[in-house]
file entry.cif (mmCIF, C-alpha atoms, pLDDT in the B column; chains and numbers go by the auth columns)
data_work
#
loop_
_atom_site.group_PDB
_atom_site.id
_atom_site.type_symbol
_atom_site.label_atom_id
_atom_site.label_comp_id
_atom_site.label_asym_id
_atom_site.label_seq_id
_atom_site.Cartn_x
_atom_site.Cartn_y
_atom_site.Cartn_z
_atom_site.B_iso_or_equiv
_atom_site.auth_seq_id
_atom_site.auth_asym_id
ATOM 1 C CA MET A 1 17.976 3.467 84.556 37.00 4 A
ATOM 2 C CA SER A 2 15.866 6.029 82.700 39.00 5 A
ATOM 3 C CA ASP A 3 12.389 7.172 83.862 45.00 6 A
ATOM 4 C CA ARG A 4 10.963 5.785 80.644 39.00 7 A
ATOM 5 C CA TYR A 5 12.535 2.384 81.295 42.00 8 A
ATOM 6 C CA GLU A 6 11.190 2.320 84.853 47.00 9 A
ATOM 7 C CA PHE A 7 7.718 3.121 83.516 38.00 10 A
ATOM 8 C CA GLU A 8 7.965 0.313 80.989 50.00 11 A
ATOM 9 C CA MET A 9 8.966 -2.138 83.714 48.00 12 A
ATOM 10 C CA ASP A 10 6.031 -1.084 85.949 54.00 13 A
ATOM 11 C CA GLU A 11 3.653 -1.397 83.016 55.00 14 A
ATOM 12 C CA TRP A 12 5.083 -4.834 82.139 52.00 15 A
ATOM 13 C CA ASP A 13 4.533 -5.943 85.747 59.00 16 A
ATOM 14 C CA MET A 14 0.889 -4.829 85.882 51.00 17 A
ATOM 15 C CA ASP A 15 -0.076 -6.564 82.658 62.00 18 A
ATOM 16 C CA ARG A 16 1.118 -10.036 83.681 63.00 19 A
ATOM 17 C CA PRO A 17 -0.845 -12.748 85.534 67.00 20 A
ATOM 18 C CA GLU A 18 0.286 -13.928 88.968 77.00 21 A
ATOM 19 C CA ASN A 19 -0.057 -17.706 88.594 91.00 22 A
ATOM 20 C CA VAL A 20 2.364 -17.902 85.708 96.00 23 A
ATOM 21 C CA VAL A 21 5.409 -19.749 84.458 98.00 24 A
ATOM 22 C CA TYR A 22 7.662 -17.851 82.073 98.00 25 A
ATOM 23 C CA VAL A 23 9.763 -20.316 80.117 98.00 26 A
ATOM 24 C CA VAL A 24 12.796 -18.190 79.310 98.00 27 A
ATOM 25 C CA GLY A 25 15.441 -18.735 76.654 97.00 28 A
ATOM 26 C CA LEU A 26 18.745 -17.378 77.973 95.00 29 A
ATOM 27 C CA GLY A 27 20.633 -17.395 74.680 94.00 30 A
ATOM 28 C CA PRO A 28 24.289 -18.527 74.752 88.00 31 A
ATOM 29 C CA GLY A 29 24.611 -17.921 78.488 74.00 32 A
ATOM 30 C CA ASP A 30 26.122 -14.486 79.032 80.00 33 A
ATOM 31 C CA VAL A 31 23.619 -11.944 80.388 85.00 34 A
ATOM 32 C CA PHE A 32 24.700 -9.632 77.549 87.00 35 A
ATOM 33 C CA TYR A 33 22.745 -11.811 75.098 91.00 36 A
ATOM 34 C CA LEU A 34 19.421 -11.760 76.966 94.00 37 A
ATOM 35 C CA THR A 35 16.475 -10.092 75.287 94.00 38 A
ATOM 36 C CA GLN A 36 14.770 -7.255 77.188 94.00 39 A
ATOM 37 C CA GLU A 37 11.695 -9.446 77.621 96.00 40 A
ATOM 38 C CA ALA A 38 13.828 -12.220 79.154 96.00 41 A
ATOM 39 C CA GLN A 39 15.456 -9.749 81.538 95.00 42 A
ATOM 40 C CA SER A 40 12.043 -8.437 82.577 95.00 43 A
ATOM 41 C CA ALA A 41 10.706 -11.938 83.247 96.00 44 A
ATOM 42 C CA LEU A 42 13.719 -12.798 85.405 96.00 45 A
ATOM 43 C CA GLU A 43 13.590 -9.497 87.298 95.00 46 A
ATOM 44 C CA HIS A 44 9.903 -9.974 88.138 94.00 47 A
ATOM 45 C CA ALA A 45 10.064 -13.673 89.032 96.00 48 A
ATOM 46 C CA ASP A 46 9.423 -14.875 92.577 95.00 49 A
ATOM 47 C CA ALA A 47 11.169 -18.174 91.823 97.00 50 A
ATOM 48 C CA ILE A 48 13.600 -19.305 89.136 98.00 51 A
ATOM 49 C CA CYS A 49 14.345 -22.913 88.213 97.00 52 A
ATOM 50 C CA GLY A 50 16.528 -24.646 85.683 96.00 53 A
ATOM 51 C CA TYR A 51 19.532 -26.831 84.975 95.00 54 A
ATOM 52 C CA LYS A 52 22.240 -26.087 87.553 94.00 55 A
ATOM 53 C CA LEU A 53 24.753 -24.743 85.005 90.00 56 A
ATOM 54 C CA TYR A 54 22.265 -22.121 83.777 91.00 57 A
ATOM 55 C CA ILE A 55 21.198 -21.165 87.280 93.00 58 A
ATOM 56 C CA ASP A 56 24.851 -20.556 88.172 91.00 59 A
ATOM 57 C CA LEU A 57 25.168 -18.249 85.150 87.00 60 A
ATOM 58 C CA ILE A 58 22.244 -15.979 86.030 92.00 61 A
ATOM 59 C CA GLU A 59 21.909 -16.105 89.822 91.00 62 A
ATOM 60 C CA PRO A 60 24.418 -13.271 90.493 92.00 63 A
ATOM 61 C CA GLU A 61 22.456 -10.931 88.190 92.00 64 A
ATOM 62 C CA PHE A 62 18.901 -11.889 89.154 94.00 65 A
ATOM 63 C CA PRO A 63 18.415 -12.429 92.884 90.00 66 A
ATOM 64 C CA CYS A 64 14.939 -13.690 93.800 90.00 67 A
ATOM 65 C CA GLU A 65 13.064 -15.361 96.660 91.00 68 A
ATOM 66 C CA GLU A 66 13.777 -18.940 95.619 96.00 69 A
ATOM 67 C CA TYR A 67 15.961 -20.909 93.220 96.00 70 A
ATOM 68 C CA TYR A 68 15.515 -24.551 92.244 96.00 71 A
ATOM 69 C CA ALA A 69 18.225 -26.356 90.257 95.00 72 A
ATOM 70 C CA THR A 70 18.541 -29.959 89.087 94.00 73 A
ATOM 71 C CA GLY A 71 20.946 -31.920 86.919 91.00 74 A
ATOM 72 C CA MET A 72 20.673 -33.325 83.413 87.00 75 A
ATOM 73 C CA THR A 73 17.788 -35.723 82.567 88.00 76 A
ATOM 74 C CA GLN A 74 15.541 -34.121 85.210 94.00 77 A
ATOM 75 C CA GLU A 75 13.710 -31.787 82.854 96.00 78 A
ATOM 76 C CA ILE A 76 10.240 -33.099 83.717 96.00 79 A
ATOM 77 C CA ASP A 77 10.925 -32.613 87.423 97.00 80 A
ATOM 78 C CA ARG A 78 11.798 -28.971 86.783 97.00 81 A
ATOM 79 C CA CYS A 79 8.628 -28.434 84.755 98.00 82 A
ATOM 80 C CA ARG A 80 6.417 -29.946 87.460 98.00 83 A
ATOM 81 C CA TRP A 81 8.145 -27.925 90.159 98.00 84 A
ATOM 82 C CA ALA A 82 7.595 -24.714 88.182 98.00 85 A
ATOM 83 C CA LEU A 83 3.900 -25.454 87.615 98.00 86 A
ATOM 84 C CA GLU A 84 3.276 -26.473 91.230 98.00 87 A
ATOM 85 C CA LYS A 85 5.059 -23.357 92.492 97.00 88 A
ATOM 86 C CA ALA A 86 3.075 -21.119 90.127 97.00 89 A
ATOM 87 C CA ARG A 87 -0.146 -22.700 91.357 96.00 90 A
ATOM 88 C CA THR A 88 0.555 -21.189 94.804 95.00 91 A
ATOM 89 C CA GLY A 89 0.398 -17.680 93.353 94.00 92 A
ATOM 90 C CA LYS A 90 4.058 -17.279 92.435 94.00 93 A
ATOM 91 C CA ARG A 91 5.564 -15.939 89.243 95.00 94 A
ATOM 92 C CA VAL A 92 8.065 -18.567 88.158 97.00 95 A
ATOM 93 C CA ALA A 93 10.785 -18.418 85.502 98.00 96 A
ATOM 94 C CA LEU A 94 11.830 -21.771 84.041 98.00 97 A
ATOM 95 C CA VAL A 95 15.107 -21.124 82.222 97.00 98 A
ATOM 96 C CA CYS A 96 16.999 -22.946 79.496 96.00 99 A
ATOM 97 C CA SER A 97 19.800 -22.106 77.101 94.00 100 A
ATOM 98 C CA GLY A 98 19.250 -20.758 73.607 95.00 101 A
ATOM 99 C CA ASP A 99 15.601 -20.383 72.623 97.00 102 A
ATOM 100 C CA ALA A 100 12.921 -21.956 74.819 97.00 103 A
ATOM 101 C CA GLY A 101 11.142 -23.371 71.769 97.00 104 A
ATOM 102 C CA VAL A 102 14.204 -24.796 69.969 97.00 105 A
ATOM 103 C CA TYR A 103 15.239 -27.988 71.779 95.00 106 A
ATOM 104 C CA GLY A 104 14.241 -26.041 74.892 95.00 107 A
ATOM 105 C CA MET A 105 11.826 -26.346 77.795 97.00 108 A
ATOM 106 C CA ALA A 106 8.734 -24.776 76.217 98.00 109 A
ATOM 107 C CA SER A 107 7.522 -28.041 74.690 97.00 110 A
ATOM 108 C CA PRO A 108 7.573 -30.279 77.802 97.00 111 A
ATOM 109 C CA LEU A 109 6.223 -27.461 79.949 98.00 112 A
ATOM 110 C CA LEU A 110 3.254 -26.850 77.658 98.00 113 A
ATOM 111 C CA GLU A 111 2.542 -30.586 77.517 98.00 114 A
ATOM 112 C CA LEU A 112 2.412 -30.806 81.308 98.00 115 A
ATOM 113 C CA ALA A 113 0.523 -27.520 81.641 97.00 116 A
ATOM 114 C CA GLU A 114 -2.604 -29.270 80.338 97.00 117 A
ATOM 115 C CA ASP A 115 -2.973 -30.606 83.892 97.00 118 A
ATOM 116 C CA TYR A 116 -2.665 -27.112 85.413 97.00 119 A
ATOM 117 C CA PRO A 117 -5.492 -25.032 83.889 96.00 120 A
ATOM 118 C CA ASP A 118 -5.128 -22.442 86.651 95.00 121 A
ATOM 119 C CA VAL A 119 -1.531 -21.655 85.628 97.00 122 A
ATOM 120 C CA ALA A 120 -0.664 -19.415 82.686 96.00 123 A
ATOM 121 C CA VAL A 121 2.385 -20.180 80.550 97.00 124 A
ATOM 122 C CA GLU A 122 4.271 -17.522 78.627 97.00 125 A
ATOM 123 C CA VAL A 123 7.113 -18.439 76.266 98.00 126 A
ATOM 124 C CA VAL A 124 9.957 -15.910 76.226 97.00 127 A
ATOM 125 C CA PRO A 125 12.208 -16.372 73.174 96.00 128 A
ATOM 126 C CA GLY A 126 15.984 -16.328 73.216 96.00 129 A
ATOM 127 C CA LEU A 127 18.945 -16.457 70.858 96.00 130 A
ATOM 128 C CA THR A 128 19.428 -20.046 69.722 96.00 131 A
ATOM 129 C CA ALA A 129 22.936 -21.414 69.059 96.00 132 A
ATOM 130 C CA ALA A 130 22.429 -21.710 65.301 97.00 133 A
ATOM 131 C CA LEU A 131 22.004 -17.926 65.080 97.00 134 A
ATOM 132 C CA SER A 132 24.516 -16.766 67.685 96.00 135 A
ATOM 133 C CA GLY A 133 27.186 -19.117 66.354 97.00 136 A
ATOM 134 C CA GLY A 134 26.323 -18.193 62.793 98.00 137 A
ATOM 135 C CA ALA A 135 27.061 -14.553 63.610 97.00 138 A
ATOM 136 C CA VAL A 136 30.529 -15.565 64.819 97.00 139 A
ATOM 137 C CA LEU A 137 31.261 -17.339 61.528 98.00 140 A
ATOM 138 C CA GLY A 138 29.750 -14.694 59.263 98.00 141 A
ATOM 139 C CA ALA A 139 26.567 -15.619 57.391 98.00 142 A
ATOM 140 C CA PRO A 140 26.380 -19.411 57.024 98.00 143 A
ATOM 141 C CA LEU A 141 22.564 -19.587 57.232 98.00 144 A
ATOM 142 C CA ALA A 142 21.636 -16.798 54.837 97.00 145 A
ATOM 143 C CA HIS A 143 19.542 -19.152 52.678 96.00 146 A
ATOM 144 C CA ASP A 144 17.243 -22.117 53.430 97.00 147 A
ATOM 145 C CA PHE A 145 18.602 -24.150 56.329 98.00 148 A
ATOM 146 C CA CYS A 146 17.654 -26.776 58.883 97.00 149 A
ATOM 147 C CA VAL A 147 18.771 -27.571 62.412 98.00 150 A
ATOM 148 C CA ILE A 148 19.405 -31.204 63.380 98.00 151 A
ATOM 149 C CA SER A 149 20.467 -32.580 66.750 97.00 152 A
ATOM 150 C CA LEU A 150 22.761 -35.606 66.665 97.00 153 A
ATOM 151 C CA SER A 151 21.720 -36.661 70.168 95.00 154 A
ATOM 152 C CA ASP A 152 19.817 -39.938 70.063 95.00 155 A
ATOM 153 C CA ARG A 153 18.750 -39.764 73.718 92.00 156 A
ATOM 154 C CA LEU A 154 15.219 -38.753 72.690 92.00 157 A
ATOM 155 C CA THR A 155 15.276 -39.399 68.928 96.00 158 A
ATOM 156 C CA PRO A 156 16.175 -42.787 67.364 97.00 159 A
ATOM 157 C CA TRP A 157 19.388 -42.687 65.342 97.00 160 A
ATOM 158 C CA GLU A 158 17.529 -44.115 62.327 98.00 161 A
ATOM 159 C CA VAL A 159 15.340 -40.990 62.293 98.00 162 A
ATOM 160 C CA ILE A 160 18.384 -38.728 62.569 98.00 163 A
ATOM 161 C CA GLU A 161 20.031 -40.558 59.659 98.00 164 A
ATOM 162 C CA LYS A 162 16.958 -39.994 57.485 98.00 165 A
ATOM 163 C CA ARG A 163 16.846 -36.296 58.313 98.00 166 A
ATOM 164 C CA LEU A 164 20.545 -35.878 57.504 98.00 167 A
ATOM 165 C CA ALA A 165 20.088 -37.649 54.181 98.00 168 A
ATOM 166 C CA CYS A 166 17.079 -35.505 53.249 98.00 169 A
ATOM 167 C CA ALA A 167 18.923 -32.302 54.199 98.00 170 A
ATOM 168 C CA ALA A 168 21.837 -33.269 51.975 98.00 171 A
ATOM 169 C CA GLN A 169 19.589 -34.242 49.061 98.00 172 A
ATOM 170 C CA GLY A 170 17.819 -30.898 49.324 98.00 173 A
ATOM 171 C CA ASP A 171 21.171 -29.042 49.503 98.00 174 A
ATOM 172 C CA PHE A 172 20.143 -27.292 52.712 98.00 175 A
ATOM 173 C CA CYS A 173 22.609 -25.498 54.902 98.00 176 A
ATOM 174 C CA VAL A 174 22.645 -27.423 58.172 98.00 177 A
ATOM 175 C CA ALA A 175 23.363 -26.498 61.784 98.00 178 A
ATOM 176 C CA LEU A 176 24.195 -29.536 63.892 98.00 179 A
ATOM 177 C CA TYR A 177 23.536 -29.480 67.642 97.00 180 A
ATOM 178 C CA ASN A 178 24.978 -32.005 70.134 95.00 181 A
ATOM 179 C CA PRO A 179 27.534 -33.277 67.614 96.00 182 A
ATOM 180 C CA SER A 180 29.460 -35.513 70.000 92.00 183 A
ATOM 181 C CA SER A 181 29.768 -36.706 73.593 86.00 184 A
ATOM 182 C CA LYS A 182 31.728 -39.237 75.630 86.00 185 A
ATOM 183 C CA GLY A 183 29.048 -41.825 74.995 85.00 186 A
ATOM 184 C CA ARG A 184 28.897 -41.205 71.215 88.00 187 A
ATOM 185 C CA PRO A 185 32.291 -39.845 70.154 88.00 188 A
ATOM 186 C CA ASP A 186 31.908 -40.812 66.485 94.00 189 A
ATOM 187 C CA TYR A 187 28.447 -39.402 65.732 96.00 190 A
ATOM 188 C CA LEU A 188 29.721 -36.380 63.831 97.00 191 A
ATOM 189 C CA GLN A 189 31.861 -38.633 61.658 97.00 192 A
ATOM 190 C CA LYS A 190 28.800 -40.781 60.967 97.00 193 A
ATOM 191 C CA ALA A 191 26.791 -37.678 60.083 98.00 194 A
ATOM 192 C CA VAL A 192 29.459 -36.415 57.681 98.00 195 A
ATOM 193 C CA ARG A 193 29.525 -39.761 55.886 98.00 196 A
ATOM 194 C CA ILE A 194 25.738 -39.689 55.498 98.00 197 A
ATOM 195 C CA LEU A 195 25.862 -36.137 54.136 98.00 198 A
ATOM 196 C CA ARG A 196 28.594 -37.042 51.634 98.00 199 A
ATOM 197 C CA ALA A 197 26.753 -40.182 50.522 98.00 200 A
ATOM 198 C CA ASN A 198 23.673 -38.062 49.761 98.00 201 A
ATOM 199 C CA GLY A 199 25.167 -35.243 47.720 97.00 202 A
ATOM 200 C CA LYS A 200 27.362 -32.998 49.877 98.00 203 A
ATOM 201 C CA GLY A 201 30.775 -32.738 48.227 97.00 204 A
ATOM 202 C CA PRO A 202 34.046 -33.058 50.173 97.00 205 A
ATOM 203 C CA GLU A 203 34.891 -29.390 49.495 98.00 206 A
ATOM 204 C CA THR A 204 31.606 -28.124 50.965 98.00 207 A
ATOM 205 C CA VAL A 205 32.441 -25.182 53.235 98.00 208 A
ATOM 206 C CA CYS A 206 31.752 -25.886 56.910 98.00 209 A
ATOM 207 C CA GLY A 207 32.266 -24.121 60.225 98.00 210 A
ATOM 208 C CA LEU A 208 32.663 -24.846 63.924 98.00 211 A
ATOM 209 C CA VAL A 209 31.961 -22.572 66.880 98.00 212 A
ATOM 210 C CA ARG A 210 32.738 -23.690 70.428 97.00 213 A
ATOM 211 C CA ASN A 211 31.597 -21.997 73.652 94.00 214 A
ATOM 212 C CA ILE A 212 29.404 -19.510 71.799 94.00 215 A
ATOM 213 C CA GLY A 213 29.188 -16.227 73.685 90.00 216 A
ATOM 214 C CA ARG A 214 31.215 -17.555 76.610 88.00 217 A
ATOM 215 C CA GLU A 215 34.804 -17.451 77.817 88.00 218 A
ATOM 216 C CA GLY A 216 37.077 -19.404 75.498 93.00 219 A
ATOM 217 C CA GLN A 217 34.933 -18.947 72.390 95.00 220 A
ATOM 218 C CA SER A 218 36.645 -20.266 69.260 97.00 221 A
ATOM 219 C CA ALA A 219 35.673 -20.669 65.627 98.00 222 A
ATOM 220 C CA ARG A 220 37.030 -22.349 62.516 98.00 223 A
ATOM 221 C CA VAL A 221 36.112 -22.562 58.829 98.00 224 A
ATOM 222 C CA LEU A 222 37.003 -25.834 57.103 98.00 225 A
ATOM 223 C CA THR A 223 35.830 -28.283 54.444 98.00 226 A
ATOM 224 C CA LEU A 224 33.455 -31.198 54.879 98.00 227 A
ATOM 225 C CA ALA A 225 36.334 -33.609 54.241 97.00 228 A
ATOM 226 C CA GLU A 226 38.358 -31.953 57.028 98.00 229 A
ATOM 227 C CA LEU A 227 35.344 -31.939 59.324 97.00 230 A
ATOM 228 C CA GLU A 228 35.096 -35.734 59.212 95.00 231 A
ATOM 229 C CA ASP A 229 38.407 -36.032 61.087 93.00 232 A
ATOM 230 C CA THR A 230 37.918 -33.087 63.454 96.00 233 A
ATOM 231 C CA PRO A 231 37.132 -33.816 67.131 94.00 234 A
ATOM 232 C CA VAL A 232 34.289 -31.785 68.659 96.00 235 A
ATOM 233 C CA ASP A 233 32.299 -31.829 71.900 94.00 236 A
ATOM 234 C CA MET A 234 28.846 -30.948 73.232 92.00 237 A
ATOM 235 C CA PHE A 235 29.820 -27.278 73.507 93.00 238 A
ATOM 236 C CA THR A 236 30.334 -27.047 69.735 97.00 239 A
ATOM 237 C CA THR A 237 27.808 -26.105 67.053 98.00 240 A
ATOM 238 C CA VAL A 238 28.643 -27.380 63.561 98.00 241 A
ATOM 239 C CA TYR A 239 27.648 -25.699 60.302 98.00 242 A
ATOM 240 C CA ILE A 240 27.451 -27.405 56.903 98.00 243 A
ATOM 241 C CA GLY A 241 27.129 -25.132 53.894 98.00 244 A
ATOM 242 C CA ASN A 242 25.128 -25.639 50.715 98.00 245 A
ATOM 243 C CA GLY A 243 26.543 -25.855 47.210 97.00 246 A
ATOM 244 C CA ASN A 244 26.968 -22.076 47.003 97.00 247 A
ATOM 245 C CA THR A 245 28.515 -21.464 50.435 98.00 248 A
ATOM 246 C CA ARG A 246 31.950 -19.840 50.256 98.00 249 A
ATOM 247 C CA ALA A 247 34.868 -19.060 52.524 98.00 250 A
ATOM 248 C CA LEU A 248 35.435 -15.293 52.148 97.00 251 A
ATOM 249 C CA SER A 249 38.281 -13.635 54.064 96.00 252 A
ATOM 250 C CA GLY A 250 38.074 -16.278 56.735 95.00 253 A
ATOM 251 C CA ARG A 251 34.280 -16.060 57.096 98.00 254 A
ATOM 252 C CA MET A 252 31.640 -18.618 56.138 98.00 255 A
ATOM 253 C CA VAL A 253 29.162 -17.010 53.758 98.00 256 A
ATOM 254 C CA THR A 254 26.117 -18.500 52.021 98.00 257 A
ATOM 255 C CA PRO A 255 25.017 -16.120 49.237 96.00 258 A
ATOM 256 C CA ARG A 256 21.393 -15.058 49.364 91.00 259 A
ATOM 257 C CA GLY A 257 21.348 -14.561 45.596 76.00 260 A
ATOM 258 C CA TYR A 258 21.091 -10.772 45.273 75.00 261 A
ATOM 259 C CA ARG A 259 24.177 -10.446 43.066 72.00 262 A
ATOM 260 C CA LYS A 260 22.516 -12.564 40.390 65.00 263 A
#
call {"tool": "encode", "arguments": {"input": "entry.cif", "output": "structure tokens"}}
result
Amino acid sequence: MSDRYEFEMDEWDMDRPENVVYVVGLGPGDVFYLTQEAQSALEHADAICGYKLYIDLIEPEFPCEEYYATGMTQEIDRCRWALEKARTGKRVALVCSGDAGVYGMASPLLELAEDYPDVAVEVVPGLTAALSGGAVLGAPLAHDFCVISLSDRLTPWEVIEKRLACAAQGDFCVALYNPSSKGRPDYLQKAVRILRANGKGPETVCGLVRNIGREGQSARVLTLAELEDTPVDMFTTVYIGNGNTRALSGRMVTPRGYRK
């Protein structure tokens, strides 16, 4: 580590409050994809909490005084634990995958933080799946795009249907999160049918990336018609192109318009 880097870390440490929760986006999962700010927050934390899978990913690299891990559906418990721990004078890092503000933990934490005026909250951004997976495919999101989750655990399916229809009618590029699970194995197929019924043609260029930034990463470029019959899982991010998206040398590319 350089002297300059050590100075920057000391300066970072002095400028931060003590009763604080850093809500940290970890990116795809590998430490390689962490931002420098995220690394600093984790290195300076007295306690780190998060979903068990993410804790297992970072614990070897960031030892600290205390770890707290819970399973799925216990997000509010993790937020309360982080705020209560910070109230005792600890610096706490609440971690999540991707970006903390994109389907991440920043929103519920900030909602609950209203009841903890003595605790500061700092949001530390990360690399969300739409961007990291897009880099694997090429440049699928180079023009206007939207991100839609197909999980109806927190959002009614009727709302998701409307958003899919509007995205298709507007000819947006679309990144789909949570495209399928054991409890809803046909949701991607339903989404494709909605997109096609609202203007996306069967030859629309699409892409899949599974296990982004992790062992076993795989990617594929295909058409919307092919996508309808392609099985995916929760570890897959799906990309739907717009009317100008092309498959170029095996990459998914949405022209920005410069060549015009």
call {"tool": "closest_residue", "arguments": {"input": "entry.cif", "among": "A:Asp155, A:Glu78, A:Glu40, A:Asp33", "to": "Asp59 in chain A", "atoms": "all atoms listed in the file"}}
result
A:Asp33
call {"tool": "resolve_selection", "arguments": {"input": "entry.cif", "expression": "the PyMOL selection byres ((chain A and resi 246-261) around 9)", "output": "tab-separated table (two decimals) with C-alpha atoms, in the coordinates of the input"}}
result
chain	number	residue	atom	x	y	z
A	137	GLY	CA	26.32	-18.19	62.79
A	139	VAL	CA	30.53	-15.56	64.82
A	140	LEU	CA	31.26	-17.34	61.53
A	141	GLY	CA	29.75	-14.69	59.26
A	142	ALA	CA	26.57	-15.62	57.39
A	143	PRO	CA	26.38	-19.41	57.02
A	144	LEU	CA	22.56	-19.59	57.23
A	145	ALA	CA	21.64	-16.80	54.84
A	146	HIS	CA	19.54	-19.15	52.68
A	174	ASP	CA	21.17	-29.04	49.50
A	175	PHE	CA	20.14	-27.29	52.71
A	176	CYS	CA	22.61	-25.50	54.90
A	203	LYS	CA	27.36	-33.00	49.88
A	204	GLY	CA	30.78	-32.74	48.23
A	207	THR	CA	31.61	-28.12	50.96
A	208	VAL	CA	32.44	-25.18	53.24
A	209	CYS	CA	31.75	-25.89	56.91
A	210	GLY	CA	32.27	-24.12	60.22
A	223	ARG	CA	37.03	-22.35	62.52
A	224	VAL	CA	36.11	-22.56	58.83
A	225	LEU	CA	37.00	-25.83	57.10
A	243	ILE	CA	27.45	-27.40	56.90
A	244	GLY	CA	27.13	-25.13	53.89
A	245	ASN	CA	25.13	-25.64	50.72
A	262	ARG	CA	24.18	-10.45	43.07
A	263	LYS	CA	22.52	-12.56	40.39
call {"tool": "residues_around", "arguments": {"input": "entry.cif", "residues": "Thr233 in chain A", "least_positions_apart": "3", "cutoff": "12 Å", "atoms": "all atoms listed in the file", "output": "ChimeraX atom specification"}}
result
/A:182-183,188-192,195,209-211,223-230,236,239,241
call {"tool": "closest_residue", "arguments": {"input": "entry.cif", "among": "A:Val24, A:Val150, A:Val162, A:Cys67", "to": "Asn181 in chain A", "atoms": "all atoms listed in the file"}}
result
A:Val150
call {"tool": "resolve_selection", "arguments": {"input": "entry.cif", "expression": "the PyMOL selection byres ((chain A and resi 106) around 12)", "output": "ChimeraX atom specification"}}
result
/A:28,78,99-105,107-111,129,131-133,150-154,157-158,180-181
call {"tool": "residues_around", "arguments": {"input": "entry.cif", "residues": "range 49-51 of chain A", "least_positions_apart": "5", "cutoff": "12 Å", "atoms": "all atoms listed in the file", "output": "NGL selection string"}}
result
:A and (21-27 or 44 or 57-59 or 61-62 or 65-73 or 81-82 or 84-89 or 91-99)
call {"tool": "axis_aligned_box", "arguments": {"input": "entry.cif", "around": "range 147-166 of chain A", "padding_each_side": "6 Å", "output": "JSON"}}
result
{"center_x": 19.0, "center_y": -33.1, "center_z": 63.6, "size_x": 19.5, "size_y": 34.0, "size_z": 32.3}
call {"tool": "residues_around", "arguments": {"input": "entry.cif", "residues": "Ser221 in chain A", "least_positions_apart": "6", "cutoff": "7 Å", "atoms": "only C-alpha atoms", "output": "number ranges by chain"}}
result
A: 212-214
call {"tool": "atom_distance", "arguments": {"input": "entry.cif", "atom1": "CA of Leu45 in chain A", "atom2": "CA of Glu64 in chain A"}}
result
9.4 Å
call {"tool": "residues_around", "arguments": {"input": "entry.cif", "residues": "Leu198 in chain A", "least_positions_apart": "4", "cutoff": "7 Å", "atoms": "all atoms listed in the file", "output": "PyMOL selection string"}}
result
chain A and resi 167-168+171+194+202-203
call {"tool": "decode", "arguments": {"input": "entry.cif", "residues": "range 244-255 of chain A", "atoms": "N, CA and C atoms", "output": "PDB file, in the first residue's frame"}}
result
ATOM      1  N   GLY A 244     -33.577  -5.802 -26.112  1.00  0.00           N
ATOM      2  CA  GLY A 244     -33.134  -4.645 -26.877  1.00  0.00           C
ATOM      3  C   GLY A 244     -34.285  -3.769 -27.344  1.00  0.00           C
ATOM      4  N   ASN A 245     -33.938  -2.631 -27.949  1.00  0.00           N
ATOM      5  CA  ASN A 245     -34.957  -1.806 -28.606  1.00  0.00           C
ATOM      6  C   ASN A 245     -34.955  -2.111 -30.109  1.00  0.00           C
ATOM      7  N   GLY A 246     -35.683  -1.342 -30.864  1.00  0.00           N
ATOM      8  CA  GLY A 246     -35.814  -1.632 -32.290  1.00  0.00           C
ATOM      9  C   GLY A 246     -34.531  -1.507 -33.076  1.00  0.00           C
ATOM     10  N   ASN A 247     -33.526  -0.822 -32.516  1.00  0.00           N
ATOM     11  CA  ASN A 247     -32.252  -0.648 -33.210  1.00  0.00           C
ATOM     12  C   ASN A 247     -31.137  -1.555 -32.690  1.00  0.00           C
ATOM     13  N   THR A 248     -31.400  -2.308 -31.643  1.00  0.00           N
ATOM     14  CA  THR A 248     -30.365  -3.171 -31.061  1.00  0.00           C
ATOM     15  C   THR A 248     -29.952  -4.246 -32.056  1.00  0.00           C
ATOM     16  N   ARG A 249     -28.648  -4.509 -32.119  1.00  0.00           N
ATOM     17  CA  ARG A 249     -28.111  -5.469 -33.089  1.00  0.00           C
ATOM     18  C   ARG A 249     -27.203  -6.477 -32.386  1.00  0.00           C
ATOM     19  N   ALA A 250     -27.084  -7.637 -33.019  1.00  0.00           N
ATOM     20  CA  ALA A 250     -26.078  -8.619 -32.627  1.00  0.00           C
ATOM     21  C   ALA A 250     -24.880  -8.423 -33.543  1.00  0.00           C
ATOM     22  N   LEU A 251     -23.744  -7.995 -32.978  1.00  0.00           N
ATOM     23  CA  LEU A 251     -22.541  -7.689 -33.761  1.00  0.00           C
ATOM     24  C   LEU A 251     -21.382  -8.521 -33.246  1.00  0.00           C
ATOM     25  N   SER A 252     -20.936  -9.469 -34.065  1.00  0.00           N
ATOM     26  CA  SER A 252     -19.805 -10.339 -33.696  1.00  0.00           C
ATOM     27  C   SER A 252     -20.021 -11.010 -32.348  1.00  0.00           C
ATOM     28  N   GLY A 253     -21.247 -11.448 -32.128  1.00  0.00           N
ATOM     29  CA  GLY A 253     -21.568 -12.146 -30.905  1.00  0.00           C
ATOM     30  C   GLY A 253     -21.856 -11.260 -29.717  1.00  0.00           C
ATOM     31  N   ARG A 254     -21.845  -9.944 -29.907  1.00  0.00           N
ATOM     32  CA  ARG A 254     -22.137  -9.005 -28.810  1.00  0.00           C
ATOM     33  C   ARG A 254     -23.505  -8.369 -29.037  1.00  0.00           C
ATOM     34  N   MET A 255     -24.117  -7.926 -27.954  1.00  0.00           N
ATOM     35  CA  MET A 255     -25.397  -7.225 -28.016  1.00  0.00           C
ATOM     36  C   MET A 255     -25.127  -5.737 -27.949  1.00  0.00           C
TER      37      MET A 255
END
